[in-house]
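What follows is the content of start.cif, which has mmCIF, C-alpha atoms and all ligand atoms:
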data_data
#
loop_
_atom_site.label_atom_id
_atom_site.label_comp_id
_atom_site.auth_asym_id
_atom_site.auth_seq_id
_atom_site.Cartn_x
_atom_site.Cartn_y
_atom_site.Cartn_z
CA MET X 1 -13.28 4.97 -18.23
CA THR X 2 -12.26 1.34 -17.79
CA PRO X 3 -14.83 -1.06 -16.27
CA ASN X 4 -14.12 -0.32 -12.63
CA GLY X 5 -13.25 3.33 -13.06
CA GLY X 6 -9.86 4.93 -13.34
CA ALA X 7 -7.17 5.90 -15.75
CA ALA X 8 -7.05 5.09 -19.48
CA ASP X 9 -3.43 3.91 -19.05
CA PRO X 10 -3.47 2.12 -15.72
CA LEU X 11 -0.26 1.10 -14.01
CA LEU X 12 -1.95 -1.63 -12.02
CA GLN X 13 -5.06 -3.55 -12.99
CA VAL X 14 -6.72 -6.06 -10.72
CA GLU X 15 -9.25 -8.06 -12.70
CA GLU X 16 -11.92 -10.15 -11.00
CA ILE X 17 -9.65 -11.86 -8.51
CA HIS X 18 -10.84 -14.60 -6.20
CA THR X 19 -8.82 -15.91 -3.28
CA HIS X 20 -9.26 -18.72 -0.80
CA TYR X 21 -7.74 -19.48 2.58
CA GLY X 22 -8.27 -23.24 2.69
CA LYS X 23 -11.98 -23.63 2.08
CA SER X 24 -12.90 -20.04 2.94
CA HIS X 25 -13.63 -18.06 -0.17
CA ILE X 26 -12.45 -14.54 0.73
CA LEU X 27 -12.31 -12.36 -2.39
CA HIS X 28 -15.22 -12.80 -4.80
CA GLY X 29 -14.04 -11.08 -7.96
CA VAL X 30 -12.30 -7.89 -6.84
CA SER X 31 -11.50 -5.46 -9.67
CA LEU X 32 -9.74 -2.15 -9.35
CA ASN X 33 -7.05 -0.16 -11.03
CA VAL X 34 -4.47 2.47 -10.24
CA GLY X 35 -3.09 4.95 -12.76
CA ARG X 36 0.53 6.12 -12.94
CA GLY X 37 1.24 8.42 -10.03
CA GLU X 38 -2.29 8.12 -8.73
CA VAL X 39 -3.22 7.76 -5.05
CA VAL X 40 -6.14 5.37 -4.71
CA GLY X 41 -7.87 4.56 -1.43
CA LEU X 42 -9.35 1.19 -0.55
CA LEU X 43 -11.84 1.45 2.30
CA GLY X 44 -13.92 -1.14 4.08
CA ARG X 45 -14.77 -2.51 7.48
CA ASN X 46 -12.65 -5.02 9.32
CA GLY X 47 -12.40 -8.44 7.74
CA VAL X 48 -13.81 -7.59 4.28
CA GLY X 49 -10.65 -8.51 2.36
CA LYS X 50 -8.60 -5.31 2.10
CA SER X 51 -5.33 -6.86 3.28
CA THR X 52 -5.99 -9.96 1.20
CA THR X 53 -6.35 -7.74 -1.88
CA LEU X 54 -2.95 -6.15 -1.23
CA LYS X 55 -1.39 -9.56 -0.55
CA ALA X 56 -2.76 -10.86 -3.85
CA ILE X 57 -1.17 -7.91 -5.68
CA ALA X 58 2.13 -8.28 -3.78
CA GLY X 59 2.37 -12.01 -4.56
CA ILE X 60 1.93 -13.17 -0.96
CA VAL X 61 -1.45 -14.79 -1.64
CA HIS X 62 -2.13 -16.43 -5.00
CA PRO X 63 -5.52 -15.82 -6.57
CA SER X 64 -7.56 -18.89 -7.49
CA ALA X 65 -9.08 -16.94 -10.40
CA GLY X 66 -8.66 -13.57 -12.06
CA ARG X 67 -5.59 -11.61 -13.12
CA VAL X 68 -3.30 -8.87 -11.91
CA LEU X 69 -1.63 -6.75 -14.60
CA PHE X 70 1.25 -4.36 -14.06
CA GLU X 71 2.19 -2.03 -16.90
CA GLY X 72 -0.06 -4.12 -19.11
CA ARG X 73 1.53 -7.51 -18.44
CA SER X 74 0.26 -10.27 -16.23
CA ILE X 75 2.04 -10.59 -12.91
CA THR X 76 -0.46 -13.07 -11.48
CA ASN X 77 1.42 -15.76 -9.53
CA LEU X 78 4.85 -14.16 -9.84
CA PRO X 79 6.79 -14.50 -6.57
CA ALA X 80 6.94 -11.48 -4.27
CA HIS X 81 10.66 -10.77 -4.87
CA ARG X 82 10.09 -10.49 -8.64
CA LEU X 83 7.24 -8.05 -8.05
CA ALA X 84 9.46 -5.91 -5.86
CA ARG X 85 12.00 -5.76 -8.69
CA LEU X 86 9.32 -4.75 -11.19
CA GLY X 87 8.51 -1.74 -9.02
CA ILE X 88 5.82 -2.84 -6.59
CA GLY X 89 6.58 -1.77 -3.03
CA TYR X 90 4.55 -3.35 -0.24
CA VAL X 91 4.32 -2.22 3.36
CA PRO X 92 2.35 -4.86 5.28
CA GLU X 93 0.26 -4.09 8.33
CA ASP X 94 2.86 -5.53 10.71
CA ARG X 95 5.64 -3.49 9.04
CA ARG X 96 8.30 -6.25 9.27
CA ILE X 97 11.18 -4.02 10.16
CA PHE X 98 14.28 -5.75 11.53
CA PRO X 99 14.39 -4.99 15.28
CA LEU X 100 18.07 -5.86 15.71
CA LEU X 101 19.31 -3.87 12.72
CA THR X 102 19.88 -0.14 12.95
CA VAL X 103 17.72 2.29 11.01
CA THR X 104 20.43 2.66 8.35
CA GLU X 105 20.90 -1.10 8.12
CA ASN X 106 17.14 -1.55 7.72
CA LEU X 107 17.16 0.93 4.87
CA ARG X 108 20.19 -0.70 3.29
CA THR X 109 18.30 -4.00 2.98
CA GLY X 110 16.22 -2.18 0.36
CA LEU X 111 19.40 -1.19 -1.52
CA ASP X 112 20.82 -4.70 -1.73
CA ARG X 113 20.11 -5.27 -5.37
CA HIS X 114 21.89 -5.35 -8.70
CA GLY X 115 22.58 -2.25 -10.70
CA VAL X 116 22.54 0.32 -7.91
CA THR X 117 25.81 2.21 -7.76
CA THR X 118 27.33 3.25 -4.44
CA ALA X 119 26.67 6.89 -5.36
CA ARG X 120 23.02 6.14 -6.10
CA LYS X 121 22.67 4.26 -2.80
CA LYS X 122 23.98 7.28 -0.95
CA GLU X 123 21.60 9.54 -2.86
CA LEU X 124 18.62 7.35 -1.98
CA LEU X 125 19.61 7.21 1.69
CA ASP X 126 20.12 10.98 1.82
CA LYS X 127 16.80 11.58 0.12
CA SER X 128 15.08 9.33 2.59
CA TYR X 129 16.70 11.07 5.56
CA GLY X 130 15.57 14.37 4.03
CA TYR X 131 11.98 13.15 3.92
CA PHE X 132 12.13 11.56 7.37
CA PRO X 133 14.26 13.74 9.66
CA VAL X 134 13.29 11.62 12.66
CA LEU X 135 14.88 8.59 10.99
CA ALA X 136 18.03 10.61 10.32
CA GLU X 137 18.22 11.48 14.02
CA ARG X 138 17.84 7.83 14.92
CA ARG X 139 19.95 6.35 12.14
CA ASN X 140 22.19 4.37 14.51
CA GLN X 141 19.39 3.16 16.76
CA PHE X 142 18.03 -0.37 16.53
CA GLY X 143 14.76 -0.63 14.62
CA GLY X 144 13.14 -2.31 17.59
CA THR X 145 13.66 0.76 19.79
CA LEU X 146 11.59 3.05 17.54
CA SER X 147 8.01 4.06 18.35
CA GLY X 148 5.15 2.58 16.32
CA GLY X 149 4.93 5.67 14.13
CA GLU X 150 8.68 5.75 13.54
CA GLN X 151 8.64 2.06 12.62
CA GLN X 152 5.89 2.79 10.11
CA MET X 153 8.02 5.56 8.61
CA LEU X 154 11.00 3.22 8.46
CA ALA X 155 8.92 0.58 6.69
CA ILE X 156 7.73 3.14 4.12
CA ALA X 157 11.24 4.57 3.72
CA ARG X 158 12.63 1.07 3.17
CA ALA X 159 10.01 0.37 0.50
CA MET X 160 11.05 3.65 -1.17
CA MET X 161 14.67 2.41 -1.40
CA LEU X 162 13.47 0.06 -4.16
CA GLU X 163 12.42 3.10 -6.23
CA PRO X 164 8.97 1.61 -6.76
CA LYS X 165 6.39 2.80 -9.27
CA ILE X 166 3.66 1.96 -6.78
CA ILE X 167 3.56 1.42 -3.03
CA LEU X 168 0.86 -0.67 -1.40
CA LEU X 169 0.22 0.62 2.13
CA ASP X 170 -1.80 -1.51 4.54
CA GLU X 171 -3.36 0.67 7.26
CA PRO X 172 -0.26 2.80 7.79
CA THR X 173 -1.92 5.02 10.41
CA GLU X 174 -3.47 2.27 12.52
CA GLY X 175 -2.82 2.84 16.21
CA LEU X 176 -0.72 5.97 15.68
CA MET X 177 -0.96 9.26 17.57
CA PRO X 178 -2.54 12.16 15.64
CA ARG X 179 0.81 13.87 15.11
CA MET X 180 2.20 10.71 13.51
CA VAL X 181 -0.95 10.26 11.43
CA SER X 182 -0.44 13.67 9.92
CA GLN X 183 3.21 12.86 9.17
CA ILE X 184 2.15 9.70 7.34
CA ARG X 185 -0.35 11.85 5.42
CA ASP X 186 2.51 14.17 4.45
CA ILE X 187 4.58 11.25 3.23
CA ILE X 188 1.76 10.10 0.97
CA GLY X 189 1.79 13.65 -0.43
CA VAL X 190 5.55 13.41 -1.02
CA LEU X 191 5.16 10.09 -2.84
CA HIS X 192 2.46 11.62 -4.98
CA ARG X 193 4.62 14.62 -5.85
CA ASP X 194 7.44 12.22 -6.75
CA GLY X 195 5.11 10.46 -9.19
CA VAL X 196 4.87 7.25 -7.16
CA ALA X 197 1.42 5.68 -7.24
CA VAL X 198 -0.09 4.57 -3.93
CA LEU X 199 -2.77 2.02 -3.16
CA LEU X 200 -3.78 2.98 0.36
CA VAL X 201 -5.79 0.61 2.54
CA GLU X 202 -7.23 2.48 5.48
CA GLN X 203 -9.98 2.67 8.04
CA ASN X 204 -9.28 6.37 8.54
CA VAL X 205 -11.91 7.76 6.18
CA PRO X 206 -11.07 11.50 6.36
CA LEU X 207 -7.39 10.84 5.71
CA THR X 208 -8.16 8.56 2.77
CA LEU X 209 -10.62 11.03 1.19
CA ASP X 210 -8.03 13.77 1.65
CA ALA X 211 -5.02 11.85 0.33
CA GLY X 212 -6.68 9.83 -2.44
CA GLN X 213 -7.87 10.87 -5.88
CA ARG X 214 -10.18 7.89 -6.25
CA ILE X 215 -11.71 5.53 -3.73
CA TYR X 216 -12.94 1.96 -3.80
CA ILE X 217 -15.16 0.60 -1.05
CA ILE X 218 -15.01 -3.12 -0.49
CA GLU X 219 -17.55 -5.21 1.38
CA LYS X 220 -17.49 -8.99 1.91
CA GLY X 221 -14.85 -9.58 -0.73
CA VAL X 222 -16.32 -7.44 -3.53
CA VAL X 223 -15.97 -3.82 -4.56
CA ARG X 224 -19.36 -2.27 -3.89
CA HIS X 225 -18.60 1.30 -4.86
CA HIS X 226 -15.95 3.36 -6.56
CA ALA X 227 -15.88 7.10 -6.98
CA PRO X 228 -13.60 10.12 -7.18
CA ALA X 229 -12.63 11.15 -3.65
CA ALA X 230 -14.13 14.60 -4.34
CA ASP X 231 -17.57 13.02 -4.87
CA LEU X 232 -17.36 11.23 -1.53
CA ARG X 233 -16.18 14.38 0.20
CA ALA X 234 -19.29 16.12 -1.13
CA ASP X 235 -21.65 13.25 -0.30
CA ASP X 236 -20.52 10.52 2.05
CA ALA X 237 -23.71 8.43 1.88
CA PRO X 238 -21.89 5.49 0.21
CA ILE X 239 -19.37 5.48 3.07
CA HIS X 240 -22.20 5.20 5.61
CA ARG X 241 -23.90 2.60 3.52
CA TYR X 242 -20.93 0.27 3.01
CA MET X 243 -18.84 0.98 6.07
CA GLY X 244 -21.57 1.61 8.62
CA VAL X 245 -19.87 4.71 10.01
N1 LIG X 301 -4.26 -16.54 6.85
C1 LIG X 301 -5.60 -16.60 6.91
N2 LIG X 301 -6.24 -17.79 7.07
C2 LIG X 301 -7.58 -17.86 7.11
N3 LIG X 301 -8.41 -16.81 7.02
C3 LIG X 301 -7.84 -15.61 6.89
C4 LIG X 301 -6.42 -15.43 6.83
N4 LIG X 301 -6.15 -14.11 6.68
C5 LIG X 301 -7.35 -13.49 6.65
N5 LIG X 301 -8.36 -14.38 6.77
C6 LIG X 301 -9.80 -14.07 6.73
O1 LIG X 301 -10.07 -13.45 5.50
C7 LIG X 301 -11.01 -12.40 5.66
C8 LIG X 301 -10.44 -11.11 5.09
O2 LIG X 301 -9.30 -10.74 5.84
P1 LIG X 301 -8.44 -9.44 5.51
O3 LIG X 301 -8.14 -9.40 4.08
O4 LIG X 301 -7.32 -9.43 6.47
O5 LIG X 301 -9.50 -8.29 5.86
P2 LIG X 301 -9.29 -6.72 6.13
O6 LIG X 301 -7.89 -6.39 5.80
O7 LIG X 301 -10.30 -6.05 5.27
O8 LIG X 301 -9.59 -6.51 7.59
C9 LIG X 301 -11.33 -12.32 7.15
O9 LIG X 301 -12.53 -13.02 7.37
C10 LIG X 301 -10.18 -13.05 7.79
O10 LIG X 301 -10.59 -13.68 8.97
MG MG X 302 -6.39 -5.67 7.03
#

Written as structure tokens, how would this file's structure read?
Ligand SMILES: Nc1ncnc2c1ncn2[C@@H]1O[C@H](COP(=O)(O)OP(=O)(O)O)[C@@H](O)[C@H]1O
Ligand SMILES: [Mg+2]
Amino acid sequence: MTPNGGAADPLLQVEEIHTHYGKSHILHGVSLNVGRGEVVGLLGRNGVGKSTTLKAIAGIVHPSAGRVLFEGRSITNLPAHRLARLGIGYVPEDRRIFPLLTVTENLRTGLDRHGVTTARKKELLDKSYGYFPVLAERRNQFGGTLSGGEQQMLAIARAMMLEPKIILLDEPTEGLMPRMVSQIRDIIGVLHRDGVAVLLVEQNVPLTLDAGQRIYIIEKGVVRHHAPAADLRADDAPIHRYMGV
């Protein structure tokens, strides 16, 4: 076991990161790690620093102290586009799909990179439409006309176009209808079967305990607890303690 739990050969290691927004000190030494192909949940109440943690990994927010390692090398302070190329997919809370591009055009923005052959692009698009039949049905519709759940799927599908080794998902089920929530759960299962690691930020505790292998609970900018999901399914006292639910 490494200091904050997890795999002996972690894909992603977050080591004691601190972040500030102006003078507000938000993260106070967050450490966590994610193994290859592992689904890890990050739980916590509103405003504790979950999104900030993902932004620090994705290169959107730069830590004032601490390090982020990916495949053993420091990626701290690399720009977001470099991180995407290294294999870190990021789906922010607001999804950022292009409302005036069609579904296919949205997906193609993830294929606009060197070294991807036309045949491979087609394969990736077909694979994505296989995973997300609703996107296939709507392939010529503008992104902005999709429902919230469909936009979330499109955002995840677009991140998958980059063939990432890990996807960071920020509250993918927030505000979605139960049917859509279960589809997002299925997609996390598909990513896992494909060997893609997932760092899942959620407020939906049952979904996170079901989808994740390991869980971190963050409170006021620090990780207060980490445990295998199975332990928290058997005894959810730490969830009550640190999330007040
Ligand atoms: N751009 C920002 N400027 C200033 N404060 C921010 C900014 N973004 C987030 N915060 C503050 O940082 C804290 C953590 O936010 P966040 O990481 O979004 O929490 P969570 O995702 O756990 O709800 C909150 O107190 C929030 O108000
Ligand atoms: Mg958030």

Residues within 8 Å of Ala58 in chain X, only C-alpha atoms, excluding chain neighbours under 3 positions, as a list in words: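 Contacts, in chain order: Leu54, Lys55, Val61, Ala80, Leu83, Ala84, Ile88, Gly89 and Tyr90 of chain X.
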
Keeping only C-alpha atoms, write those residues as a PDB file, in the coordinates of the input.
ATOM      1  CA  LEU X  54      -2.950  -6.150  -1.230  1.00  0.00           C
ATOM      2  CA  LYS X  55      -1.390  -9.560  -0.550  1.00  0.00           C
ATOM      3  CA  VAL X  61      -1.450 -14.790  -1.640  1.00  0.00           C
ATOM      4  CA  ALA X  80       6.940 -11.480  -4.270  1.00  0.00           C
ATOM      5  CA  LEU X  83       7.240  -8.050  -8.050  1.00  0.00           C
ATOM      6  CA  ALA X  84       9.460  -5.910  -5.860  1.00  0.00           C
ATOM      7  CA  ILE X  88       5.820  -2.840  -6.590  1.00  0.00           C
ATOM      8  CA  GLY X  89       6.580  -1.770  -3.030  1.00  0.00           C
ATOM      9  CA  TYR X  90       4.550  -3.350  -0.240  1.00  0.00           C
TER      10      TYR X  90
END

Test item: residues no farther than 10 Å from ligand MG 302 (chain X), counting only C-alpha atoms and all ligand atoms, as a list in words: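 For ligand MG 302 (chain X), the residues inside 10 Å are Gly44, Arg45, Asn46, Gly47, Val48, Gly49, Lys50, Ser51, Thr52, Thr53, Leu54, Lys55, Pro92, Glu93, Asp94, Asp170, Glu171, Val201, Glu202 and Gln203 of chain X.
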
Can you sort out the box for ligand LIG 301 (chain X), edges along x, y and z, all listed atoms in, 4 Å on every side, with centre and edge lengths in Å to one decimal, as AutoDock Vina command-line options?
--center_x -8.4 --center_y -12.0 --center_z 6.5 --size_x 16.3 --size_y 19.8 --size_z 12.9

Distance criterion (only C-alpha atoms and all ligand atoms): nearest to ligand LIG 301 (chain X) out of X:Gly115, X:Gly35, X:Gly22, X:Gly59: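 Going through X:Gly115, X:Gly35, X:Gly22, X:Gly59 one by one, the smallest distance to ligand LIG 301 (chain X) is for X:Gly22.
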
Pick from X:Phe70, X:Tyr216, X:Tyr21, X:Phe98 nearest to Val40 in chain X, counting all atoms listed in the file: X:Tyr216

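If you measure from each of X:Gln13, X:Thr117, X:Thr102, X:Thr145 to Leu69 in chain X using all atoms listed in the file, the closest one turns out to be X:Gln13.
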
Point (13.2, 11.4, 1.6), cut-off 12 Å, counting only C-alpha atoms, residues as a ChimeraX atom specification: /X:107,122-136,153-154,156-161,163,186-191,193-194

Shortest interatomic distance to Pro178 in chain X - which of X:Pro164, X:Pro238, X:Gly149, X:Gly195, counting only C-alpha atoms: X:Gly149

CA of Ser64 in chain X to CA of Glu219 in chain X, distance in Å rounded to a single decimal: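 These atoms are spaced 19.1 Å apart.
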
Interatomic distance (Å, one decimal) between CA of Lys165 in chain X and CA of Ala197 in chain X: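 So the answer is 6.1 Å.
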
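One finds CA of Ala229 in chain X at 17.6 Å from CA of Pro10 in chain X.
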
Near-Asp210 in chain X list (12 Å; all atoms listed in the file; drop same-chain fewer than 3 positions) as a PyMOL selection string: chain X and resi 39-41+182+185-186+188-189+200+202+204-207+213-215+228-234

Among the residues X:His240, X:Glu15, X:Ser74, X:Lys23, the one that comes closest to ligand LIG 301 (chain X) [using all atoms listed in the file]: X:Lys23

Shortest interatomic distance to ligand LIG 301 (chain X) - which of X:Ile97, X:Leu78, X:Ala227, X:Ile217, counting all atoms listed in the file: X:Ile217

Who sits within 8 Å of Asn140 in chain X, only C-alpha atoms, same chain under 2 positions skipped, as a ChimeraX atom specification: /X:102-104,138,142

Exercise: residues within 10 Å of coordinate (6.0, 6.5, 13.8), counting all atoms listed in the file, as a PyMOL selection string: chain X and resi 134-135+146-155+172-173+175-177+179-181+183-184

Atoms to include: C-alpha atoms. Write the selected residues as a PDB file, in the frame of the given file.
ATOM      1  CA  VAL X 134      13.290  11.620  12.660  1.00  0.00           C
ATOM      2  CA  LEU X 135      14.880   8.590  10.990  1.00  0.00           C
ATOM      3  CA  LEU X 146      11.590   3.050  17.540  1.00  0.00           C
ATOM      4  CA  SER X 147       8.010   4.060  18.350  1.00  0.00           C
ATOM      5  CA  GLY X 148       5.150   2.580  16.320  1.00  0.00           C
ATOM      6  CA  GLY X 149       4.930   5.670  14.130  1.00  0.00           C
ATOM      7  CA  GLU X 150       8.680   5.750  13.540  1.00  0.00           C
ATOM      8  CA  GLN X 151       8.640   2.060  12.620  1.00  0.00           C
ATOM      9  CA  GLN X 152       5.890   2.790  10.110  1.00  0.00           C
ATOM     10  CA  MET X 153       8.020   5.560   8.610  1.00  0.00           C
ATOM     11  CA  LEU X 154      11.000   3.220   8.460  1.00  0.00           C
ATOM     12  CA  ALA X 155       8.920   0.580   6.690  1.00  0.00           C
ATOM     13  CA  PRO X 172      -0.260   2.800   7.790  1.00  0.00           C
ATOM     14  CA  THR X 173      -1.920   5.020  10.410  1.00  0.00           C
ATOM     15  CA  GLY X 175      -2.820   2.840  16.210  1.00  0.00           C
ATOM     16  CA  LEU X 176      -0.720   5.970  15.680  1.00  0.00           C
ATOM     17  CA  MET X 177      -0.960   9.260  17.570  1.00  0.00           C
ATOM     18  CA  ARG X 179       0.810  13.870  15.110  1.00  0.00           C
ATOM     19  CA  MET X 180       2.200  10.710  13.510  1.00  0.00           C
ATOM     20  CA  VAL X 181      -0.950  10.260  11.430  1.00  0.00           C
ATOM     21  CA  GLN X 183       3.210  12.860   9.170  1.00  0.00           C
ATOM     22  CA  ILE X 184       2.150   9.700   7.340  1.00  0.00           C
TER      23      ILE X 184
END
